[in-house]
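S.K.: Here you go, protein09.pdb (PDB, C-alpha atoms and all ligand atoms):
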```
ATOM      1  CA  MET A  64      70.394   9.020  10.329
ATOM      2  CA  ALA A  65      67.872  11.090  12.208
ATOM      3  CA  ARG A  66      65.863   7.999  13.166
ATOM      4  CA  THR A  67      68.604   6.619  15.386
ATOM      5  CA  LYS A  68      68.235   9.548  17.758
ATOM      6  CA  SER A  69      66.496   8.360  20.881
ATOM      7  CA  ILE A  70      63.436  10.070  22.292
ATOM      8  CA  LEU A  71      65.165  10.436  25.629
ATOM      9  CA  THR A  72      68.144  12.201  24.055
ATOM     10  CA  GLU A  73      65.809  14.541  22.267
ATOM     11  CA  ALA A  74      63.808  15.177  25.423
ATOM     12  CA  ARG A  75      67.007  16.129  27.216
ATOM     13  CA  GLN A  76      67.989  18.474  24.405
ATOM     14  CA  ILE A  77      64.611  20.193  24.528
ATOM     15  CA  GLU A  78      64.900  20.530  28.282
ATOM     16  CA  ARG A  79      68.353  22.099  27.890
ATOM     17  CA  ALA A  80      67.098  24.460  25.219
ATOM     18  CA  VAL A  81      64.185  25.533  27.428
ATOM     19  CA  THR A  82      66.526  26.200  30.349
ATOM     20  CA  LEU A  83      68.804  28.260  28.097
ATOM     21  CA  ILE A  84      65.866  30.250  26.729
ATOM     22  CA  HIS A  85      64.684  30.991  30.280
ATOM     23  CA  LEU A  86      68.183  32.221  31.087
ATOM     24  CA  GLY A  87      67.993  34.559  28.083
ATOM     25  CA  ALA A  88      70.295  32.728  25.654
ATOM     26  CA  ARG A  89      70.423  33.776  22.015
ATOM     27  CA  LEU A  90      69.171  31.370  19.384
ATOM     28  CA  GLN A  91      72.716  30.799  18.105
ATOM     29  CA  VAL A  92      73.642  29.240  21.446
ATOM     30  CA  LEU A  93      70.771  26.756  21.157
ATOM     31  CA  GLU A  94      71.695  25.946  17.563
ATOM     32  CA  SER A  95      75.258  25.284  18.583
ATOM     33  CA  GLU A  96      74.461  23.206  21.653
ATOM     34  CA  THR A  97      71.574  20.999  20.488
ATOM     35  CA  ASP A  98      70.830  18.873  17.424
ATOM     36  CA  LEU A  99      67.340  20.315  17.142
ATOM     37  CA  SER A 100      66.502  21.891  13.803
ATOM     38  CA  TYR A 101      66.424  25.660  13.382
ATOM     39  CA  GLU A 102      62.673  25.562  12.778
ATOM     40  CA  ARG A 103      61.968  23.596  15.935
ATOM     41  CA  LEU A 104      64.229  25.833  17.997
ATOM     42  CA  LEU A 105      62.521  28.901  16.636
ATOM     43  CA  ARG A 106      59.095  27.498  17.574
ATOM     44  CA  LEU A 107      60.362  26.467  20.978
ATOM     45  CA  TYR A 108      61.864  29.898  21.547
ATOM     46  CA  LYS A 109      58.616  31.683  20.717
ATOM     47  CA  GLU A 110      56.636  29.311  22.891
ATOM     48  CA  VAL A 111      58.922  29.637  25.921
ATOM     49  CA  ALA A 112      59.942  33.297  25.658
ATOM     50  CA  GLY A 113      56.656  34.520  24.243
ATOM     51  CA  ARG A 114      58.477  36.513  21.575
ATOM     52  CA  SER A 115      60.781  36.103  18.598
ATOM     53  CA  PRO A 116      64.501  35.766  19.331
ATOM     54  CA  SER A 117      66.602  38.878  18.814
ATOM     55  CA  LYS A 118      68.486  38.958  15.554
ATOM     56  CA  GLY A 119      72.019  39.989  14.844
ATOM     57  CA  GLN A 120      75.536  38.754  15.342
ATOM     58  CA  LEU A 121      76.911  37.245  18.476
ATOM     59  CA  PRO A 122      79.601  39.251  20.238
ATOM     60  CA  PHE A 123      82.880  38.131  18.671
ATOM     61  CA  SER A 124      85.423  40.241  20.463
ATOM     62  CA  THR A 125      87.214  39.519  23.722
ATOM     63  CA  ASP A 126      87.358  43.273  24.484
ATOM     64  CA  TRP A 127      84.175  43.370  26.544
ATOM     65  CA  PHE A 128      85.643  40.888  29.027
ATOM     66  CA  MET A 129      88.627  43.167  29.586
ATOM     67  CA  THR A 130      86.685  46.227  30.736
ATOM     68  CA  TRP A 131      86.601  46.799  34.474
ATOM     69  CA  GLN A 132      83.181  45.706  35.770
ATOM     70  CA  PRO A 133      82.509  43.071  33.101
ATOM     71  CA  ASN A 134      85.928  41.562  33.860
ATOM     72  CA  ILE A 135      85.003  41.040  37.504
ATOM     73  CA  HIS A 136      81.652  39.496  36.565
ATOM     74  CA  ALA A 137      83.271  37.287  33.925
ATOM     75  CA  SER A 138      85.936  36.226  36.421
ATOM     76  CA  LEU A 139      83.307  35.305  39.010
ATOM     77  CA  PHE A 140      81.476  33.165  36.459
ATOM     78  CA  LEU A 141      84.629  31.534  35.122
ATOM     79  CA  ASN A 142      85.886  30.616  38.590
ATOM     80  CA  ILE A 143      82.572  28.861  39.294
ATOM     81  CA  HIS A 144      82.749  27.191  35.887
ATOM     82  CA  GLU A 145      86.313  25.946  36.386
ATOM     83  CA  TYR A 146      85.385  24.589  39.782
ATOM     84  CA  LEU A 147      82.357  22.687  38.453
ATOM     85  CA  ASN A 148      84.443  21.419  35.572
ATOM     86  CA  LYS A 149      86.874  19.850  38.024
ATOM     87  CA  VAL A 150      84.449  18.361  40.511
ATOM     88  CA  SER A 151      81.502  17.270  38.360
ATOM     89  CA  GLU A 152      80.923  15.002  35.410
ATOM     90  CA  LEU A 153      78.438  17.270  33.679
ATOM     91  CA  ASP A 154      78.330  17.723  29.910
ATOM     92  CA  GLU A 155      80.000  20.915  28.732
ATOM     93  CA  ILE A 156      76.826  22.880  28.130
ATOM     94  CA  ASP A 157      75.306  21.726  31.415
ATOM     95  CA  THR A 158      78.401  23.008  33.212
ATOM     96  CA  VAL A 159      77.857  26.408  31.583
ATOM     97  CA  ILE A 160      74.178  26.370  32.588
ATOM     98  CA  LYS A 161      74.882  25.341  36.185
ATOM     99  CA  ALA A 162      77.756  27.820  36.549
ATOM    100  CA  TYR A 163      75.605  30.596  35.129
ATOM    101  CA  GLN A 164      72.774  29.803  37.560
ATOM    102  CA  LEU A 165      75.255  29.956  40.450
ATOM    103  CA  TYR A 166      76.659  33.226  39.079
ATOM    104  CA  LEU A 167      73.111  34.674  39.073
ATOM    105  CA  GLU A 168      72.658  33.544  42.671
ATOM    106  CA  GLN A 169      75.901  35.247  43.657
ATOM    107  CA  THR A 170      74.977  38.552  42.035
ATOM    108  CA  ARG A 171      71.542  38.384  43.670
ATOM    109  CA  THR A 172      72.976  37.913  47.159
ATOM    110  CA  GLN A 173      75.425  40.791  46.553
ATOM    111  CA  ALA A 174      72.636  42.986  45.107
ATOM    112  CA  LEU A 175      74.617  43.361  41.891
ATOM    113  CA  GLU A 176      73.118  43.671  38.456
ATOM    114  CA  PRO A 177      74.203  40.540  36.520
ATOM    115  CA  LEU A 178      76.227  42.201  33.756
ATOM    116  CA  LEU A 179      77.212  38.915  32.166
ATOM    117  CA  SER A 180      74.525  37.432  29.920
ATOM    118  CA  VAL A 181      74.333  33.674  29.486
ATOM    119  CA  THR A 182      75.295  34.130  25.820
ATOM    120  CA  ARG A 183      78.453  35.994  26.851
ATOM    121  CA  ALA A 184      79.166  33.387  29.531
ATOM    122  CA  TRP A 185      78.913  30.651  26.907
ATOM    123  CA  ARG A 186      81.118  32.702  24.583
ATOM    124  CA  LEU A 187      83.665  33.204  27.347
ATOM    125  CA  VAL A 188      84.027  29.450  27.827
ATOM    126  CA  LYS A 189      84.607  29.110  24.056
ATOM    127  CA  PHE A 190      87.264  31.840  24.185
ATOM    128  CA  VAL A 191      88.995  29.968  27.009
ATOM    129  CA  ASP A 192      88.755  26.653  25.099
ATOM    130  CA  ASN A 193      90.306  28.363  22.057
ATOM    131  CA  GLY A 194      93.136  29.795  24.142
ATOM    132  CA  MET A 195      92.048  33.384  23.500
ATOM    133  CA  LEU A 196      91.355  34.094  27.168
ATOM    134  CA  THR A 197      92.485  32.496  30.391
ATOM    135  CA  LEU A 198      92.489  32.958  34.156
ATOM    136  CA  THR A 199      95.526  34.664  35.690
ATOM    137  CA  LYS A 200      96.285  34.904  39.391
ATOM    138  CA  CYS A 201      96.433  38.421  40.769
ATOM    139  CA  SER A 202      99.847  39.077  42.334
ATOM    140  CA  CYS A 203      98.147  41.213  44.979
ATOM    141  CA  CYS A 204      95.032  39.371  46.236
ATOM    142  CA  GLY A 205      95.639  35.900  44.806
ATOM    143  CA  GLY A 206      92.250  35.779  43.081
ATOM    144  CA  HIS A 207      91.957  34.432  39.547
ATOM    145  CA  PHE A 208      90.773  36.847  36.860
ATOM    146  CA  VAL A 209      89.994  36.686  33.154
ATOM    147  CA  THR A 210      92.955  37.928  31.094
ATOM    148  CA  HIS A 211      94.559  37.460  27.716
ATOM    149  CA  PRO A 212      96.837  34.401  27.754
ATOM    150  CA  HIS A 213     100.070  36.400  27.451
ATOM    151  CA  GLU A 214      99.508  38.222  30.736
ATOM    152  CA  ILE A 215     102.607  37.962  32.951
ATOM    153  CA  ALA A 216     101.293  36.523  36.215
ATOM    154  CA  LYS A 217     104.172  37.917  38.304
ATOM    155  CA  HIS A 218     103.133  41.489  37.537
ATOM    156  CA  TYR A 219      99.412  41.059  37.081
ATOM    157  CA  VAL A 220      97.159  43.112  39.376
ATOM    158  CA  CYS A 221      93.410  42.631  39.082
ATOM    159  CA  GLY A 222      90.673  45.244  38.707
ATOM    160  CA  MET A 223      89.608  44.846  42.336
ATOM    161  CA  CYS A 224      93.104  45.596  43.703
ATOM    162  CA  ASN A 225      93.801  48.322  41.158
ATOM    163  CA  PRO A 226      90.472  49.793  40.113
ATOM    164  CA  PRO A 227      90.313  52.621  37.582
ATOM    165  CA  ALA A 228      90.306  56.070  39.207
ATOM    166  CA  ARG A 229      86.571  56.604  38.823
ATOM    167  CA  ALA A 230      85.574  53.072  39.800
ATOM    168  CA  GLY A 231      83.007  52.633  42.534
ATOM    169  CA  LYS A 232      82.212  56.342  42.620
ATOM    170  CA  GLY A 233      78.972  55.806  40.735
ATOM    171  CA  ARG A 234      75.839  55.713  42.800
ATOM    172  CA  ALA A 235      74.027  53.475  40.357
ATOM    173  CA  SER A 236      72.437  50.638  42.272
ATOM    174  CA  GLY A 237      73.597  47.219  41.244
ATOM    175  CA  SER A 238      77.076  48.358  40.260
ATOM    176  CA  LEU A 239      80.289  47.324  41.947
ATOM    177  CA  ARG A 240      81.605  49.313  44.879
ATOM    178  CA  ILE A 241      85.187  49.309  45.967
ATOM    179  CA  PRO A 242      85.522  49.154  49.758
ATOM    180  CA  ALA A 243      86.470  52.637  51.023
ATOM    181  CA  ALA A 244      89.639  51.338  52.669
ATOM    182  CA  ALA A 245      90.931  49.564  49.575
ATOM    183  CA  ALA A 246      90.417  52.274  46.987
ATOM    184  CA  PRO A 247      92.665  55.077  48.338
ATOM    185  CA  ALA A 248      95.444  52.615  49.213
ATOM    186  CA  ALA A 249      95.436  51.198  45.703
ATOM    187  CA  ALA A 250      95.274  54.677  44.183
ATOM    188  CA  ALA A 251      98.267  55.797  46.228
ATOM    189  CA  GLY A 252     100.125  52.630  45.336
ATOM    190  CA  ALA A 253     100.704  51.960  49.025
ATOM    191  CA  HIS A 254     101.871  48.353  49.008
TER     192      HIS A 254
HETATM  193 ZN    ZN B   1      93.672  41.345  43.045
END
```
What do you get writing this file as structure tokens?
M.R.:
Amino acid sequence: MARTKSILTEARQIERAVTLIHLGARLQVLESETDLSYERLLRLYKEVAGRSPSKGQLPFSTDWFMTWQPNIHASLFLNIHEYLNKVSELDEIDTVIKAYQLYLEQTRTQALEPLLSVTRAWRLVKFVDNGMLTLTKCSCCGGHFVTHPHEIAKHYVCGMCNPPARAGKGRASGSLRIPAAAAPAAAAGAH
């Protein structure tokens, strides 16, 4: 019964969709998170973004979240998301939007390139809801990081405490740097 849908509800859905488009979300995210028809979303997307949405499949695998730099970005986002989830009464998708906006703010203040797209952030929350990914506490620094659910917390060491050998050596601006003091200690296993 399409007629029972209130104008206010629809207005809120359009507003959400516009926010998501501005953040760079893929069309599939909008389709999944609003009741607006595909045709209307497509028109809205073109109007807001000024171009057609990119085609192709959404990322399905959890692998990306496990690589070094993306894992740290994903962990930052998910920590913000979990916090908002606890302290606010927002709808699920609004929590993702708000958490993603705060994640962008964080990367901006740290002069980091935001590696995590809003589509991946949304996907990450779905993976967590499905029990495919979770947050595990690092046994070294106590921070919470994105891992597979079977990770043994007692032995888990995060990518910041135990970065890969080449990590932080790159001079590319916007990439993560490991503090000079931390890297050699971790490499030598001096704990
Ligand atoms: Zn750690």
S.K.: Residues within 6 Å of ligand ZN 1 (chain B), counting all atoms listed in the file: report them as an NGL selection string.
M.R.: :A and (201 or 203-204 or 206 or 220-221 or 223-224)
S.K.: Write the residues of the selection above to a file with C-alpha atoms, as an mmCIF file, in the coordinates of the input.
M.R.:
```
data_model
loop_
_atom_site.group_PDB
_atom_site.id
_atom_site.type_symbol
_atom_site.label_atom_id
_atom_site.label_comp_id
_atom_site.auth_asym_id
_atom_site.auth_seq_id
_atom_site.Cartn_x
_atom_site.Cartn_y
_atom_site.Cartn_z
ATOM 1 C CA CYS A 201 96.433 38.421 40.769
ATOM 2 C CA CYS A 203 98.147 41.213 44.979
ATOM 3 C CA CYS A 204 95.032 39.371 46.236
ATOM 4 C CA GLY A 206 92.250 35.779 43.081
ATOM 5 C CA VAL A 220 97.159 43.112 39.376
ATOM 6 C CA CYS A 221 93.410 42.631 39.082
ATOM 7 C CA MET A 223 89.608 44.846 42.336
ATOM 8 C CA CYS A 224 93.104 45.596 43.703
#
```
S.K.: For this structure, which residues satisfy the selection - the PyMOL selection byres (((chain A and resi 200) around 12) and not hetatm) - when it is evaluated on the file as given? I want them as a PyMOL selection string.
M.R.: chain A and resi 138+142+197-199+201-210+212+214-222+224
S.K.: In Å to one decimal, how far is atom CA of A:Thr182 from atom CA of A:Trp127?
M.R.: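 Straight-line distance from atom CA of A:Trp127 to atom CA of A:Thr182 works out to 12.8 Å.
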S.K.: So what does the PyMOL selection byres (((chain A and resi 177) around 12) and not hetatm) actually pick up in this one, as a PDB file with C-alpha atoms, in the coordinates of the input?
M.R.:
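result-v1.pdb, freshly written:
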```
ATOM      1  CA  LEU A  86      68.183  32.221  31.087  1.00  0.00           C
ATOM      2  CA  GLN A 132      83.181  45.706  35.770  1.00  0.00           C
ATOM      3  CA  PRO A 133      82.509  43.071  33.101  1.00  0.00           C
ATOM      4  CA  ILE A 135      85.003  41.040  37.504  1.00  0.00           C
ATOM      5  CA  HIS A 136      81.652  39.496  36.565  1.00  0.00           C
ATOM      6  CA  ALA A 137      83.271  37.287  33.925  1.00  0.00           C
ATOM      7  CA  LEU A 139      83.307  35.305  39.010  1.00  0.00           C
ATOM      8  CA  PHE A 140      81.476  33.165  36.459  1.00  0.00           C
ATOM      9  CA  TYR A 163      75.605  30.596  35.129  1.00  0.00           C
ATOM     10  CA  GLN A 164      72.774  29.803  37.560  1.00  0.00           C
ATOM     11  CA  LEU A 165      75.255  29.956  40.450  1.00  0.00           C
ATOM     12  CA  TYR A 166      76.659  33.226  39.079  1.00  0.00           C
ATOM     13  CA  LEU A 167      73.111  34.674  39.073  1.00  0.00           C
ATOM     14  CA  GLU A 168      72.658  33.544  42.671  1.00  0.00           C
ATOM     15  CA  GLN A 169      75.901  35.247  43.657  1.00  0.00           C
ATOM     16  CA  THR A 170      74.977  38.552  42.035  1.00  0.00           C
ATOM     17  CA  ARG A 171      71.542  38.384  43.670  1.00  0.00           C
ATOM     18  CA  THR A 172      72.976  37.913  47.159  1.00  0.00           C
ATOM     19  CA  GLN A 173      75.425  40.791  46.553  1.00  0.00           C
ATOM     20  CA  ALA A 174      72.636  42.986  45.107  1.00  0.00           C
ATOM     21  CA  LEU A 175      74.617  43.361  41.891  1.00  0.00           C
ATOM     22  CA  GLU A 176      73.118  43.671  38.456  1.00  0.00           C
ATOM     23  CA  LEU A 178      76.227  42.201  33.756  1.00  0.00           C
ATOM     24  CA  LEU A 179      77.212  38.915  32.166  1.00  0.00           C
ATOM     25  CA  SER A 180      74.525  37.432  29.920  1.00  0.00           C
ATOM     26  CA  VAL A 181      74.333  33.674  29.486  1.00  0.00           C
ATOM     27  CA  ARG A 183      78.453  35.994  26.851  1.00  0.00           C
ATOM     28  CA  ALA A 184      79.166  33.387  29.531  1.00  0.00           C
ATOM     29  CA  SER A 236      72.437  50.638  42.272  1.00  0.00           C
ATOM     30  CA  GLY A 237      73.597  47.219  41.244  1.00  0.00           C
ATOM     31  CA  SER A 238      77.076  48.358  40.260  1.00  0.00           C
ATOM     32  CA  LEU A 239      80.289  47.324  41.947  1.00  0.00           C
TER      33      LEU A 239
END
```
S.K.: One decimal, in Å: what's the spacing between atom CA of A:Arg103 and atom CA of A:Ala74?
M.R.: 12.8 Å
S.K.: Would you kindly identify which residues have an atom no farther than 12 Å from (66.0, 18.1, 16.9), using only C-alpha atoms and the file's own coordinates, and write them out as a PyMOL selection string?
M.R.: chain A and resi 65-80+93-107
S.K.: Tell me, as a list in words, which residues lie within 10 Å of A:Glu145, counting all atoms listed in the file; anything in the same chain fewer than 5 positions away does not count.
M.R.: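 Result of the neighbour search: Phe140, Val150, Thr158, Val159, Ala162, Val188 and Leu198 of chain A.
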S.K.: What does the distance from atom CA of A:Asn148 to atom CA of A:His213 come to in Å, to one decimal?
M.R.: 23.1 Å
S.K.: Evaluated on this file, the PyMOL selection byres (((chain A and resi 126) around 12) and not hetatm) picks out some residues - which ones are they, written as a PyMOL selection string?
M.R.: chain A and resi 122-125+127-131+133-134+137+183+187+190+195-196+209-211
S.K.: Given the selection you just returned, output its residues as a file containing C-alpha atoms, formatted as a tab-separated table (two decimals), in the frame of the given file.
M.R.:
```
chain	number	residue	atom	x	y	z
A	122	PRO	CA	79.60	39.25	20.24
A	123	PHE	CA	82.88	38.13	18.67
A	124	SER	CA	85.42	40.24	20.46
A	125	THR	CA	87.21	39.52	23.72
A	127	TRP	CA	84.18	43.37	26.54
A	128	PHE	CA	85.64	40.89	29.03
A	129	MET	CA	88.63	43.17	29.59
A	130	THR	CA	86.68	46.23	30.74
A	131	TRP	CA	86.60	46.80	34.47
A	133	PRO	CA	82.51	43.07	33.10
A	134	ASN	CA	85.93	41.56	33.86
A	137	ALA	CA	83.27	37.29	33.92
A	183	ARG	CA	78.45	35.99	26.85
A	187	LEU	CA	83.66	33.20	27.35
A	190	PHE	CA	87.26	31.84	24.18
A	195	MET	CA	92.05	33.38	23.50
A	196	LEU	CA	91.36	34.09	27.17
A	209	VAL	CA	89.99	36.69	33.15
A	210	THR	CA	92.96	37.93	31.09
A	211	HIS	CA	94.56	37.46	27.72
```
S.K.: Given the choices A:Asn193, A:Gln91, A:Ser115, A:Thr82, which gets closest to A:Asp157 if the distance is worked out from all atoms listed in the file?
M.R.: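 Among the listed residues, the smallest separation from A:Asp157 belongs to A:Thr82.
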